[in-house]
Amino acid sequence: MNDPPKIRVAKIAVYNTAYHFDKIFDYIIPKELCDAAKKGCRVLVPFGSGNKNRQGMIMDVTDFCGEAQKLKSISSVLDEEPLLSDEMVKLALFISERYFCTIHDAIKAMLPTGIYYRLTLGYSVIPNAQERFDELSAVEQQVFMLVQKSKDGISEEKIFKTLGYDSSCKIPENLVKKGFLQTSYDANRFIGDKTVKMVRLTGTEENTEKLSKKQQEVYELLQSVGEVSVKEICYFTGLTVSVINSLVKKRIAEFFEEEVFRIPVSSEVAKNDDEIKLSEEQQKAFDDLFEKYKSGKSHVSLLYGVTGSGKTSVFMRLIDTAYRENKGIIVMVPEISLTPQMIGLFKSRFGSDIAVFHSGLSMGERLDEWKRVKNGIAKIAIGTRSAVFAPFSNLGLIIMDEEQEYTYKSEMTPRFHARDIAKLRAHYNNCLLVLSSATPSIESFYNANNGVYGLNRIQNRYGKAQLPTVAVADMNIEVEQGNVSGFSSLLLTLLEHNIESGRQSILLLNRRGHNTFVSCRKCKEVLSCPNCSISMTYHSANNRLVCHYCGYSVKYTNECPSCHAEGLRFSGFGTQRVETDLGELFPNAKILRLDADATMSKTSYEKKLSMFSKGEYNIMVGTQMVAKGLDFPNVTLVGVLSADQIMYSDDFRSFERAFSLLTQVVGRSGRGEHAGTAVIQSFTPENNIISLASRQDYDEFYDGEINLRRQMLYPPFADIAQIGFVGENDSKTFQAAMKFQENLCKTAKEEYCDIPLRILGATSASVKKISKKYRYKIILKFKNSRRFREMISNLLRSFGKEKEFSEIQTFIDINPVNIL
């Protein structure tokens, strides 16, 4: 008996499936699509009982020898060349398994939004259906006649719009079932390629003798330059497009489209390719990192140095080396606010060979930057956590600056950490990953001390620069002396001195708005958001009360919405209040506010920093975006207005974050030739975190913190998972959390008793309601093993099938940045 013929089968991740239904589906590759259907390409496939077309990604192509009657076939291939390399396909599967998301969610995180297709449902008439026209009702005949008029078919959207139906109308669908209409799908990209109209000679020399003087001029230009844009011809010759059109009509020339890239606009910078000079400490660190880079093996190394020690110069030397060897390079910074200075530094050194990745770009710009990397045009990708997915085919070096920052962790599905993705990519490409920080995460420093990572220390500032002198202002004493301004007398004195001497100052207050909350003097009620269980913040810039969680805002009035009494009380203060108060205290000073409200436009952050760098402002006040990564030699004073607000929260990482932020902001002072000073204001000046940050003594901070975490079983000694439940019904959401907890306890005891696990039972989130949805959580302490992930995945899949809780969103976040 002969073996059945081999059939080519594509293993496809179908887009937009629910997590409990997500898996790799097998589809037959038709013979006519065998050459086009490659691993990493997108396809259209019939899916579900209705066989509606869905997009999917080919994750693998294999031979199938069994009975294939039940398998469906691919409808069409959407890409000429694979979008995902073998590495990226494996990475998508890793993200799906590690972070409990669908494969499509993982792929979506890796690709620019603009590259996706929008599927448009269309209808056309089935041949000979006209013969049964009388069987249709009047409204059905109306739809049939409209479709019949369109020779190439008509979209569902156009049918509804023309006839005035809403999207719930089932008439076209019923006509398909009755055999009068047939459906088709058109795939259209969200963002098309940007092209420019070009012209070139066809190579036909006939009729050139009869050219007019103007036509001859264009003909000779094309002969000399080959191909050129229509716009350039008109510019250089002063002629109109009609002259070019006449050459095209005579078939002497032809038009064609050439793709151009949308390059993000940035300030022009002077070329700087000078050799980077290193100190003895820097050189020692570089030599060790260079040796690891040249080894051709996967390495992770921590570059740890005090603020201003020149860590950037060390990894810039490494980048120079990788760039000369034509390797792909990824440089990550923790948030958009850090990229303008970094881009300027790289642009001055590497020109147009850099590509930028962050959410501040338009969809078209993000798409084109991605394509420039994929096509080998750009060699260096710089950006926030999304840059970790830059599609280099020859990746040689990854730099993760300020590696401790929580913005490297995604808080949306998939909830990945860029450091984990970077380690996986370094392993796959046998390249070096450098984690750089003045205040490394506890987990990274633990790994470095235990030999999991390499470790390089730089303990002194570069050149003659010295660490700033730090003073701590006890705000209890200030209040006792009648000072309720929010500025200590010491800070005011130093600010005045700095203004008079032409030096600049930076003030940190990690709170936006004018006042943090508003309450009624009579009934004492705090004005809260109607959608969230949180107070609203007063913003003086637009005279509105704003919710910083859902964005709801209402115009401020002096009337209490509950008891309608006149007279509301403002409490607390934010960056807008500080800006106003400074203007009154120092009327001749120029003050710059830098927070999310003041930097809404695309280039506002870059422009404001440039103006501050040029000395156009005396004082810059802002949230944490002023605390990190900025280098202004003329800044000799830094003030932290409320250290207590930074230090105290209900998260086990609160002291780590406070130490990091205080150390970073203090480090902005005295980075040039002038000595720096920092003032930290607090109502608890005895807190050891303030003392350690003042001395920039990370080692002592780490020793205390690691002992605490060992005793409390926190990372790095255990992993933490947060299982979240979100729904519009408070009671139902809590019931879902309790039911999942019951399932978890039962499964862990009966099937996974070998897994070490601690469960902190279901409780409401600290902010229980956001955007009219209630939130509950279960906290787990565990070891992140394959067995644990198998258990949680099975629980999530089975729970997703329970109809009782179908309206409740359930998710899991491994080692979350913030506990709900």
# chains A, B, ... in the order shown; residues from 1 in each chain; ligands from 1

call {"tool": "residues_around", "arguments": {"residues": "A:Thr733", "least_positions_apart": "3", "cutoff": "9 Å", "atoms": "only C-alpha atoms", "output": "VMD selection string"}}
result
chain A and resid 725 to 730 736 to 738 774 to 776 805 807 to 809

call {"tool": "select_by_dssp", "arguments": {"residues": "stretch 651-787 of chain A", "states": "helix (DSSP H, G or I)", "output": "ChimeraX atom specification"}}
result
/A:654-666,688-695,698-712,730-750,786-787

call {"tool": "residues_around", "arguments": {"residues": "A:Ser76", "least_positions_apart": "6", "cutoff": "9 Å", "atoms": "only C-alpha atoms", "output": "PyMOL selection string"}}
result
chain A and resi 33+37+42-45

call {"tool": "residues_around", "arguments": {"residues": "A:Thr663", "least_positions_apart": "3", "cutoff": "12 Å", "atoms": "only C-alpha atoms", "output": "PyMOL selection string"}}
result
chain A and resi 305-308+437-440+467-468+470+624+627-629+638-640+643+655-660+666-669+678-680+689-698+701

call {"tool": "closest_residue", "arguments": {"among": "A:Gly164, A:Gly226, A:Gly672, A:Gly153", "to": "A:Leu201", "atoms": "only C-alpha atoms"}}
result
A:Gly226
